[in-house]
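Written out below as structure tokens is the structure these notes cover.
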Amino acid sequence: MELRHLRYFVAVAEELHFGRAAERLRIAQPPLSRQIRDLERELGTPLFERVPRGVELTAAGRAFLPEARLTLAQAERAQRSAQRAARGETGRLRVGFVEAATHSGILPDVLSFFRAHLPSVGLSLFELYALRQAEAFQDGRIDVGLLHSPPLDAARWLRVEPFYREPVILAVSKVHPLAARARLTLGALAEESFVSFPRVVAPEMYDEIIARCRAAGFSPRIVQEATGWHTLASLVSAGVGIGFVPRSIAEFEQAGVVYRPVRGLAVEMSLAAVWKRAERSPVRERFVMALKAVAAGRP
């Protein structure tokens with residue numbers, strides 16, 4: 001028994017006339033009659049009986065009709081479910097992310113888009129820096145990661161898709177003498193104490209900042225580390241030191257902190273989406289497309 005047998009049966013049962021059913025199905029009447037006979041033969045009982053103006057359902061036909069409709073409806077639902085999954089409209093995605101993906105506003109906007117337009121997609125979020133994300137990929141705990149610096153061996157087993165960049169600026173306490181200066185040069189920071197993010201958070205950005213400072217004639221004197229950008233800004237506010245942060249941190253207006261561009265720094269914070277090369281996921285593809293679209297709208 002095939003789905004077409006059920007469709008043909010339902011059409012005849014609803015029209016109670018082979019000719020009208022054939023016209024509705026856009027097939028010739030003889031093939032339709034043969035398909036119904038094949039179905040009756042397989043079931044071992046007549047489904048219709050001839051009457052002067054067409055056909056009527058037998059007791060077996062009346063019992064078979066609601067089940068046939070239900071089976072066809074379930075088949076259509078199954079088809080729609082498969083198609084929606086293939087388009088990335090249903091499923092689950094486990095996302096590892098670094099803090100910068102949230103304060104930049106990109107991840108919150110993507111989550112809002114999925115809640116509004118793709119409510120059948122379940123998103124699970126895990127805040128993890130780069131090393132922890134690599135471990136989570138290997139353990140099968142996340143499907144996509146948002147991070148600053150992909151692992152060193154990323155080219156071997158991960159697909160890396162950059163989607164956002166923003167400049168790094170200086171955070172300084174409002175009571176610090178540097179706060180009175182609208183523009184700063186990197187060399188002017190040589191004698192300062194710094195609050196810094198640990199290298200493990202963003203190795204490439206960290207190394208680039210250190211290299212720029214050394215090119216300006218000094219190595220930054222780091223007196224305190226902070227794994228979160230907002231924590232770093234809070235330490236700057238407390239006068240522990242000055243610190244380099246992504247520009248988007250300035251939008252949160254940390255009390256007691258001002259932000260300044262630094263001539264000669266020219267370092268950017270980057271974000272990339274990464275995932276295992278061998279794995280294909282329509283939901284992940286939708287997610288990465290949304291990341292790019294949101295990031296493209298950022299200044």
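Each chain in the structure tokens gets a letter, A, B, ..., in the order shown, and its residues are numbered from 1; ligands are numbered from 1 in order too.
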Using only C-alpha atoms, find each residue in segment 120-225 of chain A having at least one atom no more than 8 Å away from segment 238-253 of chain A; report its shortest atom-to-atom pair and that distance in Å (one decimal), rows by chain then rising number, as JSON lines.
```
{"residue": "A:Glu166", "atom": "CA", "partner": "A:Arg247", "partner_atom": "CA", "distance": 6.5}
{"residue": "A:Pro167", "atom": "CA", "partner": "A:Arg247", "partner_atom": "CA", "distance": 5.8}
{"residue": "A:Val168", "atom": "CA", "partner": "A:Pro246", "partner_atom": "CA", "distance": 4.5}
{"residue": "A:Ile169", "atom": "CA", "partner": "A:Val245", "partner_atom": "CA", "distance": 5.6}
{"residue": "A:Leu170", "atom": "CA", "partner": "A:Phe244", "partner_atom": "CA", "distance": 4.6}
{"residue": "A:Ala171", "atom": "CA", "partner": "A:Gly243", "partner_atom": "CA", "distance": 5.2}
{"residue": "A:Val172", "atom": "CA", "partner": "A:Ile242", "partner_atom": "CA", "distance": 4.9}
{"residue": "A:Ser173", "atom": "CA", "partner": "A:Gly239", "partner_atom": "CA", "distance": 6.1}
{"residue": "A:His176", "atom": "CA", "partner": "A:Gly239", "partner_atom": "CA", "distance": 7.8}
{"residue": "A:Glu192", "atom": "CA", "partner": "A:Gly241", "partner_atom": "CA", "distance": 7.2}
{"residue": "A:Ser193", "atom": "CA", "partner": "A:Gly241", "partner_atom": "CA", "distance": 4.9}
{"residue": "A:Phe194", "atom": "CA", "partner": "A:Gly241", "partner_atom": "CA", "distance": 4.7}
{"residue": "A:Val195", "atom": "CA", "partner": "A:Gly243", "partner_atom": "CA", "distance": 5.0}
{"residue": "A:Ser196", "atom": "CA", "partner": "A:Gly243", "partner_atom": "CA", "distance": 5.9}
{"residue": "A:Val223", "atom": "CA", "partner": "A:Gly241", "partner_atom": "CA", "distance": 7.4}
{"residue": "A:Gln224", "atom": "CA", "partner": "A:Val240", "partner_atom": "CA", "distance": 7.6}
```
How would the residues just chosen look if you wrote them out with C-alpha atoms as a PDB file, in the first residue's frame?
```
ATOM      1  CA  GLU A 166      36.014  46.585  16.169  1.00  0.00           C
ATOM      2  CA  PRO A 167      38.918  48.792  17.313  1.00  0.00           C
ATOM      3  CA  VAL A 168      40.592  48.481  20.692  1.00  0.00           C
ATOM      4  CA  ILE A 169      40.647  51.696  22.737  1.00  0.00           C
ATOM      5  CA  LEU A 170      41.920  52.765  26.156  1.00  0.00           C
ATOM      6  CA  ALA A 171      39.848  52.758  29.341  1.00  0.00           C
ATOM      7  CA  VAL A 172      41.096  55.201  31.982  1.00  0.00           C
ATOM      8  CA  SER A 173      39.721  56.433  35.301  1.00  0.00           C
ATOM      9  CA  HIS A 176      43.504  59.962  36.071  1.00  0.00           C
ATOM     10  CA  GLU A 192      51.428  53.535  33.475  1.00  0.00           C
ATOM     11  CA  SER A 193      50.130  50.472  35.326  1.00  0.00           C
ATOM     12  CA  PHE A 194      47.823  48.282  33.302  1.00  0.00           C
ATOM     13  CA  VAL A 195      44.822  46.089  33.994  1.00  0.00           C
ATOM     14  CA  SER A 196      44.765  43.424  31.273  1.00  0.00           C
ATOM     15  CA  VAL A 223      49.431  44.806  37.763  1.00  0.00           C
ATOM     16  CA  GLN A 224      46.099  42.981  37.545  1.00  0.00           C
TER      17      GLN A 224
END
```
Write out, as JSON lines, each residue of segment 62-100 of chain A that has an atom at most 9 Å from segment 282-286 of chain A, together with the closest pair of atoms and their distance in Å to one decimal, counting only C-alpha atoms, rows going by chain and rising number.
```
{"residue": "A:Ala85", "atom": "CA", "partner": "A:Pro282", "partner_atom": "CA", "distance": 7.1}
{"residue": "A:Ala86", "atom": "CA", "partner": "A:Pro282", "partner_atom": "CA", "distance": 5.9}
{"residue": "A:Arg87", "atom": "CA", "partner": "A:Pro282", "partner_atom": "CA", "distance": 5.9}
{"residue": "A:Gly88", "atom": "CA", "partner": "A:Val283", "partner_atom": "CA", "distance": 4.0}
{"residue": "A:Glu89", "atom": "CA", "partner": "A:Val283", "partner_atom": "CA", "distance": 6.7}
{"residue": "A:Thr90", "atom": "CA", "partner": "A:Val283", "partner_atom": "CA", "distance": 7.1}
{"residue": "A:Gly91", "atom": "CA", "partner": "A:Val283", "partner_atom": "CA", "distance": 6.6}
{"residue": "A:Arg92", "atom": "CA", "partner": "A:Val283", "partner_atom": "CA", "distance": 7.3}
{"residue": "A:Leu93", "atom": "CA", "partner": "A:Arg284", "partner_atom": "CA", "distance": 6.7}
```
Expected file contents, prior selection, N, CA, C and O atoms, as a PDB file, in the first residue's frame:
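Here's the written file again-v7.pdb:
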```
ATOM      1  N   ALA A  85      13.360  21.290   8.786  1.00  0.00           N
ATOM      2  CA  ALA A  85      14.677  20.949   9.331  1.00  0.00           C
ATOM      3  C   ALA A  85      15.768  21.201   8.306  1.00  0.00           C
ATOM      4  O   ALA A  85      16.850  21.706   8.634  1.00  0.00           O
ATOM      5  N   ALA A  86      15.491  20.857   7.043  1.00  0.00           N
ATOM      6  CA  ALA A  86      16.476  21.081   5.980  1.00  0.00           C
ATOM      7  C   ALA A  86      16.747  22.564   5.769  1.00  0.00           C
ATOM      8  O   ALA A  86      17.843  22.945   5.350  1.00  0.00           O
ATOM      9  N   ARG A  87      15.755  23.413   6.069  1.00  0.00           N
ATOM     10  CA  ARG A  87      15.932  24.862   5.930  1.00  0.00           C
ATOM     11  C   ARG A  87      16.483  25.498   7.206  1.00  0.00           C
ATOM     12  O   ARG A  87      16.657  26.714   7.280  1.00  0.00           O
ATOM     13  N   GLY A  88      16.743  24.690   8.228  1.00  0.00           N
ATOM     14  CA  GLY A  88      17.258  25.229   9.478  1.00  0.00           C
ATOM     15  C   GLY A  88      16.222  25.917  10.324  1.00  0.00           C
ATOM     16  O   GLY A  88      16.541  26.779  11.148  1.00  0.00           O
ATOM     17  N   GLU A  89      14.952  25.561  10.164  1.00  0.00           N
ATOM     18  CA  GLU A  89      13.868  26.216  10.898  1.00  0.00           C
ATOM     19  C   GLU A  89      13.481  25.459  12.155  1.00  0.00           C
ATOM     20  O   GLU A  89      12.679  25.958  12.958  1.00  0.00           O
ATOM     21  N   THR A  90      13.988  24.257  12.332  1.00  0.00           N
ATOM     22  CA  THR A  90      13.753  23.483  13.552  1.00  0.00           C
ATOM     23  C   THR A  90      15.063  22.817  13.946  1.00  0.00           C
ATOM     24  O   THR A  90      15.975  22.665  13.137  1.00  0.00           O
ATOM     25  N   GLY A  91      15.141  22.388  15.188  1.00  0.00           N
ATOM     26  CA  GLY A  91      16.334  21.694  15.653  1.00  0.00           C
ATOM     27  C   GLY A  91      16.888  22.349  16.901  1.00  0.00           C
ATOM     28  O   GLY A  91      16.229  23.166  17.557  1.00  0.00           O
ATOM     29  N   ARG A  92      18.114  21.997  17.229  1.00  0.00           N
ATOM     30  CA  ARG A  92      18.777  22.525  18.429  1.00  0.00           C
ATOM     31  C   ARG A  92      20.207  22.875  18.098  1.00  0.00           C
ATOM     32  O   ARG A  92      20.861  22.198  17.304  1.00  0.00           O
ATOM     33  N   LEU A  93      20.693  23.943  18.703  1.00  0.00           N
ATOM     34  CA  LEU A  93      22.068  24.381  18.487  1.00  0.00           C
ATOM     35  C   LEU A  93      22.677  24.761  19.829  1.00  0.00           C
ATOM     36  O   LEU A  93      22.097  25.533  20.591  1.00  0.00           O
TER      37      LEU A  93
END
```
Mind pulling up the distance from atom CA of Ala226 of chain A to atom CA of Pro151 of chain A?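 So the answer is 21.0 Å.
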Which residue is closest to Thr185 of chain A? Choose from A:Pro220, A:Gly145, A:Pro150, A:Pro261 and count only C-alpha atoms.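 Among the listed residues, A:Pro261 lies closest to Thr185 of chain A.
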Would you give me, as a Markdown table, each residue of segment 107-174 of chain A having an atom within 8 Å of an atom of segment 266-276 of chain A, along with its shortest atom pair and that distance in Å to one decimal, using only C-alpha atoms and sorting by chain and residue number?
```
| residue | atom | partner | partner_atom | distance |
| --- | --- | --- | --- | --- |
| A:Phe137 | CA | A:Lys276 | CA | 7.5 |
| A:Asp143 | CA | A:Trp275 | CA | 6.3 |
| A:Val144 | CA | A:Trp275 | CA | 4.8 |
| A:Gly145 | CA | A:Val274 | CA | 5.1 |
| A:Leu146 | CA | A:Ala273 | CA | 4.7 |
| A:Leu147 | CA | A:Leu271 | CA | 5.4 |
| A:His148 | CA | A:Leu271 | CA | 4.7 |
| A:Ser149 | CA | A:Leu271 | CA | 7.6 |
| A:Pro150 | CA | A:Val274 | CA | 7.5 |
| A:Trp157 | CA | A:Lys276 | CA | 6.0 |
| A:Leu158 | CA | A:Lys276 | CA | 4.5 |
| A:Arg159 | CA | A:Trp275 | CA | 5.4 |
| A:Val160 | CA | A:Val274 | CA | 4.6 |
| A:Glu161 | CA | A:Ala273 | CA | 5.1 |
| A:Pro162 | CA | A:Ala272 | CA | 3.9 |
| A:Phe163 | CA | A:Ala272 | CA | 5.5 |
| A:Tyr164 | CA | A:Leu271 | CA | 5.2 |
| A:Arg165 | CA | A:Ser270 | CA | 4.3 |
| A:Glu166 | CA | A:Glu268 | CA | 5.4 |
| A:Pro167 | CA | A:Glu268 | CA | 4.2 |
| A:Val168 | CA | A:Glu268 | CA | 5.3 |
```
Which of these residues is nearest to Leu123 of chain A, using only C-alpha atoms: A:Arg69, A:Arg94, A:Arg298, A:Arg212? A:Arg94
If you run DSSP on this backbone, which residues of segment 169-225 of chain A come out as helix (DSSP H, G or I), and could you give them as a ChimeraX atom specification? /A:177-180,186-189,199-201,203-215
Could you list, as a list of chain:residue names, every residue within 12 Å of Arg53 of chain A, counting only C-alpha atoms and ignoring same-chain residues fewer than 4 positions away?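 The contact residues come out as A:Glu15, A:Leu16, A:His17, A:Phe18, A:Gly19, A:Arg20, A:Glu49.
Distances to Glu56 of chain A were evaluated for A:Ala13, A:Ala21, A:Leu43, A:Ala155 using only C-alpha atoms, and the minimum falls at A:Ala13.
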Would you mind writing down, as a PyMOL selection string, each residue of segment 9-199 of chain A that DSSP on the backbone assigns to strand (DSSP E or B)? chain A and resi 48-51+54-57+91-97+121-127+144-147+158-173+184-185+193-196
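One finds atom CA of Cys213 of chain A at 13.3 Å from atom CA of Leu184 of chain A.
In this model, the gap between atom CA of Ala182 of chain A and atom CA of Arg263 of chain A comes to 11.2 Å.
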